[in-house]
Amino acid sequence: MAAPVFFVLLMPWGRVGSSLVTSALWSAPGVRIENEPTTAIRTRGAAEGATPAEIGARQRAHLDAFLGGQEEGCVAAGLKLSHRSLVAPRDYLAQLSGAGFRGVLMLRRNVLKCAVSQMRALTRTAAAGGEGPWQSPWAVRTVEPKPGPTVIDPDEAIRLAGVFRRSHDRMLRDVAALPGGGAGWSRVEYEDLCADPEGTTRAIFDRLEIPAPKDIALKHRKATSDRLEEDILNYDAFAGAVRAAGLERYLQDARR
């Protein structure tokens, strides 16, 4: 049996369209994906009082087990990971690179919209003890209703936009530190994914050299409108604070 293609979808944190891409890849015959195992390992380790070194070792041990744990018939095996969850990101990425993983960086230029999307998902998580019309508050399926408008704390959105920006920059620096400067890693922009979800997703199959099904399953939809005023009840106050913080460009240009 031929060895499977190993790949990783790496995002700075989240809210970059990873659920759409993951579900599309997962629907292809012989493709297996684990969803954010390093996040789960870090969360459990922190709850147990493990040291960062211990958590990092557990993350790398999981990767070793993943490499050797593929069943017969597996065509491709991938990990969807948040760079933010990695305790020792350069060590972990070096292990991925050494094992021959093909990397896809999932990016989103508009960090303010990342922040708003994150806050709206957290609101759905907290509402009614997690109950609601969505199977998951973090990924709205095409068969589910689009979440309605909410009040957004502008100060928290501005803070989170900074977190997303720093996470984005750290991830790119760590990938650039790999042998070859990360030249073999593909980049997928959220805006391109939204503009042409099928074409962009099909291109990911091609880059990973994974046979794509004739009809690619696109099971998720945007949970937040591109026009933020449609989904923020206190938009005027929100926009005023964003402008005062020097982030007005993220209100005006959806492709930045």
# chains A, B, ... in the order shown; residues from 1 in each chain; ligands from 1
call {"tool": "select_by_dssp", "arguments": {"residues": "segment 44-88 of chain A", "states": "alpha helix (DSSP H)", "output": "ChimeraX atom specification"}}
result
/A:44-48,52-68
call {"tool": "write_last_selection", "arguments": {"atoms": "N, CA and C atoms", "output": "short mmCIF file (atom, residue, chain, number, x, y, z; two decimals), in the first residue's frame"}}
result
data_model
loop_
_atom_site.label_atom_id
_atom_site.label_comp_id
_atom_site.auth_asym_id
_atom_site.auth_seq_id
_atom_site.Cartn_x
_atom_site.Cartn_y
_atom_site.Cartn_z
N ARG A 44 -6.21 20.32 28.02
CA ARG A 44 -6.19 19.29 29.06
C ARG A 44 -4.95 19.42 29.94
N GLY A 45 -3.81 19.68 29.32
CA GLY A 45 -2.58 19.81 30.09
C GLY A 45 -2.63 20.96 31.07
N ALA A 46 -3.16 22.09 30.61
CA ALA A 46 -3.27 23.24 31.51
C ALA A 46 -4.20 22.93 32.68
N ALA A 47 -5.30 22.22 32.42
CA ALA A 47 -6.24 21.86 33.49
C ALA A 47 -5.59 20.92 34.50
N GLU A 48 -4.65 20.12 34.04
CA GLU A 48 -3.97 19.16 34.93
C GLU A 48 -2.77 19.79 35.64
N PRO A 52 4.59 23.85 30.54
CA PRO A 52 4.65 24.02 29.08
C PRO A 52 5.53 22.97 28.40
N ALA A 53 6.65 22.63 29.03
CA ALA A 53 7.53 21.61 28.43
C ALA A 53 6.82 20.27 28.32
N GLU A 54 6.05 19.91 29.35
CA GLU A 54 5.31 18.65 29.32
C GLU A 54 4.23 18.67 28.25
N ILE A 55 3.53 19.80 28.13
CA ILE A 55 2.47 19.91 27.12
C ILE A 55 3.08 19.85 25.72
N GLY A 56 4.20 20.54 25.52
CA GLY A 56 4.87 20.49 24.22
C GLY A 56 5.29 19.08 23.86
N ALA A 57 5.78 18.33 24.84
CA ALA A 57 6.19 16.95 24.59
C ALA A 57 4.99 16.09 24.22
N ARG A 58 3.85 16.34 24.86
CA ARG A 58 2.63 15.59 24.53
C ARG A 58 2.17 15.90 23.11
N GLN A 59 2.28 17.15 22.71
CA GLN A 59 1.88 17.52 21.35
C GLN A 59 2.75 16.83 20.32
N ARG A 60 4.04 16.78 20.56
CA ARG A 60 4.94 16.14 19.60
C ARG A 60 4.77 14.62 19.62
N ALA A 61 4.45 14.04 20.80
CA ALA A 61 4.20 12.60 20.88
C ALA A 61 2.93 12.24 20.10
N HIS A 62 1.93 13.10 20.18
CA HIS A 62 0.72 12.86 19.40
C HIS A 62 1.03 12.85 17.92
N LEU A 63 1.90 13.75 17.47
CA LEU A 63 2.26 13.80 16.06
C LEU A 63 2.95 12.51 15.64
N ASP A 64 3.84 12.01 16.46
CA ASP A 64 4.50 10.73 16.16
C ASP A 64 3.47 9.60 16.03
N ALA A 65 2.49 9.58 16.96
CA ALA A 65 1.46 8.54 16.92
C ALA A 65 0.59 8.69 15.67
N PHE A 66 0.31 9.93 15.29
CA PHE A 66 -0.51 10.19 14.11
C PHE A 66 0.17 9.65 12.86
N LEU A 67 1.47 9.85 12.77
CA LEU A 67 2.22 9.39 11.60
C LEU A 67 2.16 7.87 11.46
N GLY A 68 2.14 7.18 12.57
CA GLY A 68 2.15 5.72 12.51
C GLY A 68 0.80 5.07 12.68
#
call {"tool": "residues_around", "arguments": {"residues": "Leu93 of chain A", "least_positions_apart": "4", "cutoff": "9 Å", "atoms": "only C-alpha atoms", "output": "PyMOL selection string"}}
result
chain A and resi 88-89+97-98+174-175+178
call {"tool": "write_last_selection", "arguments": {"atoms": "all heavy atoms", "output": "PDB file, in the first residue's frame"}}
result
ATOM      1  N   ALA A  88       5.536  24.898  21.649  1.00  0.00           N
ATOM      2  CA  ALA A  88       6.878  25.150  21.076  1.00  0.00           C
ATOM      3  C   ALA A  88       6.723  25.110  19.561  1.00  0.00           C
ATOM      4  O   ALA A  88       7.069  24.110  18.913  1.00  0.00           O
ATOM      5  CB  ALA A  88       7.872  24.108  21.563  1.00  0.00           C
ATOM      6  N   PRO A  89       6.177  26.181  18.965  1.00  0.00           N
ATOM      7  CA  PRO A  89       5.791  26.121  17.546  1.00  0.00           C
ATOM      8  C   PRO A  89       6.923  25.801  16.588  1.00  0.00           C
ATOM      9  O   PRO A  89       6.724  25.039  15.643  1.00  0.00           O
ATOM     10  CB  PRO A  89       5.190  27.509  17.283  1.00  0.00           C
ATOM     11  CG  PRO A  89       5.668  28.378  18.399  1.00  0.00           C
ATOM     12  CD  PRO A  89       5.842  27.479  19.571  1.00  0.00           C
ATOM     13  N   SER A  97       7.769  19.348   9.178  1.00  0.00           N
ATOM     14  CA  SER A  97       8.562  19.469   7.960  1.00  0.00           C
ATOM     15  C   SER A  97       9.431  18.231   7.746  1.00  0.00           C
ATOM     16  O   SER A  97       9.511  17.697   6.639  1.00  0.00           O
ATOM     17  CB  SER A  97       9.430  20.729   8.034  1.00  0.00           C
ATOM     18  OG  SER A  97      10.222  20.869   6.884  1.00  0.00           O
ATOM     19  N   GLY A  98      10.057  17.768   8.812  1.00  0.00           N
ATOM     20  CA  GLY A  98      10.911  16.597   8.713  1.00  0.00           C
ATOM     21  C   GLY A  98      10.152  15.336   8.347  1.00  0.00           C
ATOM     22  O   GLY A  98      10.712  14.419   7.733  1.00  0.00           O
ATOM     23  N   ASP A 174       7.414  31.938  12.055  1.00  0.00           N
ATOM     24  CA  ASP A 174       7.832  30.583  12.395  1.00  0.00           C
ATOM     25  C   ASP A 174       7.908  29.694  11.156  1.00  0.00           C
ATOM     26  O   ASP A 174       8.813  28.851  11.044  1.00  0.00           O
ATOM     27  CB  ASP A 174       6.876  29.973  13.427  1.00  0.00           C
ATOM     28  CG  ASP A 174       7.048  30.585  14.811  1.00  0.00           C
ATOM     29  OD1 ASP A 174       8.082  31.246  15.049  1.00  0.00           O
ATOM     30  OD2 ASP A 174       6.145  30.420  15.660  1.00  0.00           O
ATOM     31  N   VAL A 175       6.993  29.866  10.236  1.00  0.00           N
ATOM     32  CA  VAL A 175       7.058  29.086   8.992  1.00  0.00           C
ATOM     33  C   VAL A 175       8.260  29.526   8.159  1.00  0.00           C
ATOM     34  O   VAL A 175       8.960  28.702   7.566  1.00  0.00           O
ATOM     35  CB  VAL A 175       5.743  29.223   8.199  1.00  0.00           C
ATOM     36  CG1 VAL A 175       5.883  28.616   6.800  1.00  0.00           C
ATOM     37  CG2 VAL A 175       4.596  28.545   8.943  1.00  0.00           C
ATOM     38  N   LEU A 178      11.612  27.831   8.814  1.00  0.00           N
ATOM     39  CA  LEU A 178      11.842  26.448   8.406  1.00  0.00           C
ATOM     40  C   LEU A 178      12.891  26.393   7.288  1.00  0.00           C
ATOM     41  O   LEU A 178      13.130  27.396   6.603  1.00  0.00           O
ATOM     42  CB  LEU A 178      10.530  25.835   7.910  1.00  0.00           C
ATOM     43  CG  LEU A 178       9.462  25.559   8.957  1.00  0.00           C
ATOM     44  CD1 LEU A 178       8.143  25.193   8.286  1.00  0.00           C
ATOM     45  CD2 LEU A 178       9.905  24.438   9.907  1.00  0.00           C
TER      46      LEU A 178
END
call {"tool": "residues_around", "arguments": {"residues": "segment 147-154 of chain A", "least_positions_apart": "2", "cutoff": "7 Å", "atoms": "only C-alpha atoms", "output": "PyMOL selection string"}}
result
chain A and resi 145+156-158+223+230-234+238+241-242
call {"tool": "select_by_dssp", "arguments": {"residues": "segment 177-240 of chain A", "states": "strand (DSSP E or B)", "output": "list in words"}}
result
Ser186, Arg187, Val188, Glu189, His220 and Ile232 of chain A
call {"tool": "write_last_selection", "arguments": {"atoms": "all heavy atoms", "output": "PDB file, in the first residue's frame"}}
result
ATOM      1  N   SER A 186       1.676  26.366   0.928  1.00  0.00           N
ATOM      2  CA  SER A 186       0.686  27.115   0.155  1.00  0.00           C
ATOM      3  C   SER A 186      -0.056  28.082   1.072  1.00  0.00           C
ATOM      4  O   SER A 186      -0.162  27.856   2.275  1.00  0.00           O
ATOM      5  CB  SER A 186      -0.326  26.155  -0.481  1.00  0.00           C
ATOM      6  OG  SER A 186       0.316  25.224  -1.322  1.00  0.00           O
ATOM      7  N   ARG A 187      -0.588  29.150   0.468  1.00  0.00           N
ATOM      8  CA  ARG A 187      -1.371  30.125   1.232  1.00  0.00           C
ATOM      9  C   ARG A 187      -2.780  30.201   0.664  1.00  0.00           C
ATOM     10  O   ARG A 187      -2.960  30.249  -0.552  1.00  0.00           O
ATOM     11  CB  ARG A 187      -0.724  31.510   1.161  1.00  0.00           C
ATOM     12  CG  ARG A 187       0.627  31.595   1.829  1.00  0.00           C
ATOM     13  CD  ARG A 187       1.077  33.037   1.968  1.00  0.00           C
ATOM     14  NE  ARG A 187       2.392  33.129   2.583  1.00  0.00           N
ATOM     15  CZ  ARG A 187       2.878  34.223   3.131  1.00  0.00           C
ATOM     16  NH1 ARG A 187       2.155  35.339   3.135  1.00  0.00           N
ATOM     17  NH2 ARG A 187       4.066  34.237   3.675  1.00  0.00           N
ATOM     18  N   VAL A 188      -3.737  30.217   1.566  1.00  0.00           N
ATOM     19  CA  VAL A 188      -5.135  30.365   1.171  1.00  0.00           C
ATOM     20  C   VAL A 188      -5.710  31.561   1.906  1.00  0.00           C
ATOM     21  O   VAL A 188      -5.734  31.585   3.141  1.00  0.00           O
ATOM     22  CB  VAL A 188      -5.949  29.095   1.502  1.00  0.00           C
ATOM     23  CG1 VAL A 188      -7.427  29.307   1.178  1.00  0.00           C
ATOM     24  CG2 VAL A 188      -5.406  27.894   0.739  1.00  0.00           C
ATOM     25  N   GLU A 189      -6.149  32.555   1.175  1.00  0.00           N
ATOM     26  CA  GLU A 189      -6.723  33.757   1.766  1.00  0.00           C
ATOM     27  C   GLU A 189      -8.225  33.579   1.948  1.00  0.00           C
ATOM     28  O   GLU A 189      -8.926  33.126   1.034  1.00  0.00           O
ATOM     29  CB  GLU A 189      -6.442  34.970   0.877  1.00  0.00           C
ATOM     30  CG  GLU A 189      -4.969  35.312   0.713  1.00  0.00           C
ATOM     31  CD  GLU A 189      -4.396  36.031   1.916  1.00  0.00           C
ATOM     32  OE1 GLU A 189      -5.171  36.343   2.853  1.00  0.00           O
ATOM     33  OE2 GLU A 189      -3.175  36.283   1.937  1.00  0.00           O
ATOM     34  N   HIS A 220     -20.528  24.576   4.791  1.00  0.00           N
ATOM     35  CA  HIS A 220     -20.606  25.681   5.743  1.00  0.00           C
ATOM     36  C   HIS A 220     -20.771  27.016   5.027  1.00  0.00           C
ATOM     37  O   HIS A 220     -20.427  27.159   3.856  1.00  0.00           O
ATOM     38  CB  HIS A 220     -19.355  25.708   6.633  1.00  0.00           C
ATOM     39  CG  HIS A 220     -19.229  24.491   7.493  1.00  0.00           C
ATOM     40  ND1 HIS A 220     -18.548  23.363   7.092  1.00  0.00           N
ATOM     41  CD2 HIS A 220     -19.718  24.211   8.724  1.00  0.00           C
ATOM     42  CE1 HIS A 220     -18.617  22.451   8.051  1.00  0.00           C
ATOM     43  NE2 HIS A 220     -19.309  22.935   9.040  1.00  0.00           N
ATOM     44  N   ILE A 232     -24.018  44.093  13.544  1.00  0.00           N
ATOM     45  CA  ILE A 232     -23.655  44.726  14.812  1.00  0.00           C
ATOM     46  C   ILE A 232     -24.734  45.741  15.170  1.00  0.00           C
ATOM     47  O   ILE A 232     -24.909  46.753  14.467  1.00  0.00           O
ATOM     48  CB  ILE A 232     -22.275  45.411  14.713  1.00  0.00           C
ATOM     49  CG1 ILE A 232     -21.197  44.367  14.396  1.00  0.00           C
ATOM     50  CG2 ILE A 232     -21.945  46.140  16.007  1.00  0.00           C
ATOM     51  CD1 ILE A 232     -19.805  44.947  14.250  1.00  0.00           C
TER      52      ILE A 232
END
call {"tool": "atom_distance", "arguments": {"atom1": "atom CA of Leu112 of chain A", "atom2": "atom CA of Thr38 of chain A"}}
result
25.3 Å
call {"tool": "closest_atom_pairs", "arguments": {"of": "segment 61-144 of chain A", "to": "segment 6-24 of chain A", "cutoff": "12 Å", "atoms": "only C-alpha atoms", "output": "Markdown table"}}
result
| residue | atom | partner | partner_atom | distance |
| --- | --- | --- | --- | --- |
| A:Leu63 | CA | A:Phe6 | CA | 11.1 |
| A:Phe66 | CA | A:Phe6 | CA | 9.8 |
| A:Leu67 | CA | A:Phe6 | CA | 8.1 |
| A:Gly68 | CA | A:Phe6 | CA | 11.2 |
| A:Gly69 | CA | A:Phe6 | CA | 11.9 |
| A:Gln70 | CA | A:Phe6 | CA | 10.2 |
| A:Cys74 | CA | A:Phe6 | CA | 10.2 |
| A:Val75 | CA | A:Phe6 | CA | 9.0 |
| A:Ala76 | CA | A:Phe6 | CA | 5.8 |
| A:Ala77 | CA | A:Phe6 | CA | 5.0 |
| A:Gly78 | CA | A:Phe7 | CA | 4.6 |
| A:Leu79 | CA | A:Val8 | CA | 4.8 |
| A:Lys80 | CA | A:Leu9 | CA | 4.7 |
| A:Leu81 | CA | A:Leu10 | CA | 5.0 |
| A:Ser82 | CA | A:Trp13 | CA | 4.9 |
| A:His83 | CA | A:Pro12 | CA | 5.1 |
| A:Arg84 | CA | A:Trp13 | CA | 5.6 |
| A:Ser85 | CA | A:Trp13 | CA | 7.9 |
| A:Leu86 | CA | A:Pro12 | CA | 10.4 |
| A:Pro89 | CA | A:Leu10 | CA | 11.2 |
| A:Tyr92 | CA | A:Val8 | CA | 11.8 |
| A:Leu93 | CA | A:Val8 | CA | 10.0 |
| A:Gln95 | CA | A:Val8 | CA | 11.9 |
| A:Leu96 | CA | A:Val8 | CA | 8.3 |
| A:Ser97 | CA | A:Phe7 | CA | 9.9 |
| A:Gly98 | CA | A:Phe6 | CA | 11.4 |
| A:Ala99 | CA | A:Phe6 | CA | 8.3 |
| A:Gly100 | CA | A:Phe6 | CA | 7.0 |
| A:Phe101 | CA | A:Phe7 | CA | 4.7 |
| A:Arg102 | CA | A:Phe7 | CA | 4.4 |
| A:Gly103 | CA | A:Val8 | CA | 5.0 |
| A:Val104 | CA | A:Leu9 | CA | 4.9 |
| A:Leu105 | CA | A:Leu10 | CA | 5.0 |
| A:Met106 | CA | A:Met11 | CA | 5.0 |
| A:Leu107 | CA | A:Val16 | CA | 6.1 |
| A:Arg108 | CA | A:Val16 | CA | 5.8 |
| A:Arg109 | CA | A:Val16 | CA | 9.5 |
| A:Asn110 | CA | A:Val16 | CA | 10.0 |
| A:Val111 | CA | A:Arg15 | CA | 9.6 |
| A:Leu112 | CA | A:Arg15 | CA | 11.0 |
| A:Lys113 | CA | A:Arg15 | CA | 8.8 |
| A:Cys114 | CA | A:Arg15 | CA | 5.7 |
| A:Ala115 | CA | A:Arg15 | CA | 8.3 |
| A:Val116 | CA | A:Arg15 | CA | 9.5 |
| A:Ser117 | CA | A:Arg15 | CA | 6.6 |
| A:Gln118 | CA | A:Arg15 | CA | 6.6 |
| A:Met119 | CA | A:Arg15 | CA | 10.3 |
| A:Arg120 | CA | A:Arg15 | CA | 10.8 |
| A:Ala121 | CA | A:Arg15 | CA | 9.4 |
| A:Leu122 | CA | A:Arg15 | CA | 11.7 |
| A:Ser136 | CA | A:Ser19 | CA | 10.7 |
| A:Pro137 | CA | A:Ser19 | CA | 11.7 |
| A:Trp138 | CA | A:Arg15 | CA | 8.4 |
| A:Ala139 | CA | A:Ser19 | CA | 6.4 |
| A:Val140 | CA | A:Ser19 | CA | 9.1 |
| A:Arg141 | CA | A:Leu20 | CA | 8.9 |
| A:Thr142 | CA | A:Leu20 | CA | 10.2 |
call {"tool": "closest_residue", "arguments": {"among": "A:Asp91, A:Asp155, A:Glu34, A:Glu198", "to": "Ala212 of chain A", "atoms": "only C-alpha atoms"}}
result
A:Glu198
call {"tool": "residues_around", "arguments": {"residues": "Cys194 of chain A", "least_positions_apart": "6", "cutoff": "9 Å", "atoms": "only C-alpha atoms", "output": "VMD selection string"}}
result
chain A and resid 17 200 221 to 222
call {"tool": "closest_residue", "arguments": {"among": "A:Thr39, A:Ser225, A:Thr125, A:Gly73", "to": "Lys146 of chain A", "atoms": "only C-alpha atoms"}}
result
A:Ser225
call {"tool": "closest_atom_pairs", "arguments": {"of": "segment 179-235 of chain A", "to": "segment 26-32 of chain A", "cutoff": "12 Å", "atoms": "only C-alpha atoms", "output": "JSON lines"}}
result
{"residue": "A:Thr201", "atom": "CA", "partner": "A:Trp26", "partner_atom": "CA", "distance": 12.0}
{"residue": "A:Arg202", "atom": "CA", "partner": "A:Ala28", "partner_atom": "CA", "distance": 11.4}
{"residue": "A:Phe205", "atom": "CA", "partner": "A:Ala28", "partner_atom": "CA", "distance": 9.7}
{"residue": "A:Leu208", "atom": "CA", "partner": "A:Val31", "partner_atom": "CA", "distance": 11.6}
{"residue": "A:Glu209", "atom": "CA", "partner": "A:Val31", "partner_atom": "CA", "distance": 11.9}
{"residue": "A:Ile210", "atom": "CA", "partner": "A:Val31", "partner_atom": "CA", "distance": 8.5}
{"residue": "A:Pro211", "atom": "CA", "partner": "A:Ala28", "partner_atom": "CA", "distance": 7.8}
{"residue": "A:Ala212", "atom": "CA", "partner": "A:Ala28", "partner_atom": "CA", "distance": 6.5}
{"residue": "A:Pro213", "atom": "CA", "partner": "A:Ala28", "partner_atom": "CA", "distance": 5.9}
{"residue": "A:Lys214", "atom": "CA", "partner": "A:Ala28", "partner_atom": "CA", "distance": 9.6}
{"residue": "A:Asp215", "atom": "CA", "partner": "A:Ala28", "partner_atom": "CA", "distance": 9.6}
{"residue": "A:Ile216", "atom": "CA", "partner": "A:Ser27", "partner_atom": "CA", "distance": 7.8}
{"residue": "A:Ala217", "atom": "CA", "partner": "A:Ser27", "partner_atom": "CA", "distance": 6.7}
{"residue": "A:Leu218", "atom": "CA", "partner": "A:Ser27", "partner_atom": "CA", "distance": 9.5}
{"residue": "A:Lys219", "atom": "CA", "partner": "A:Ser27", "partner_atom": "CA", "distance": 10.0}
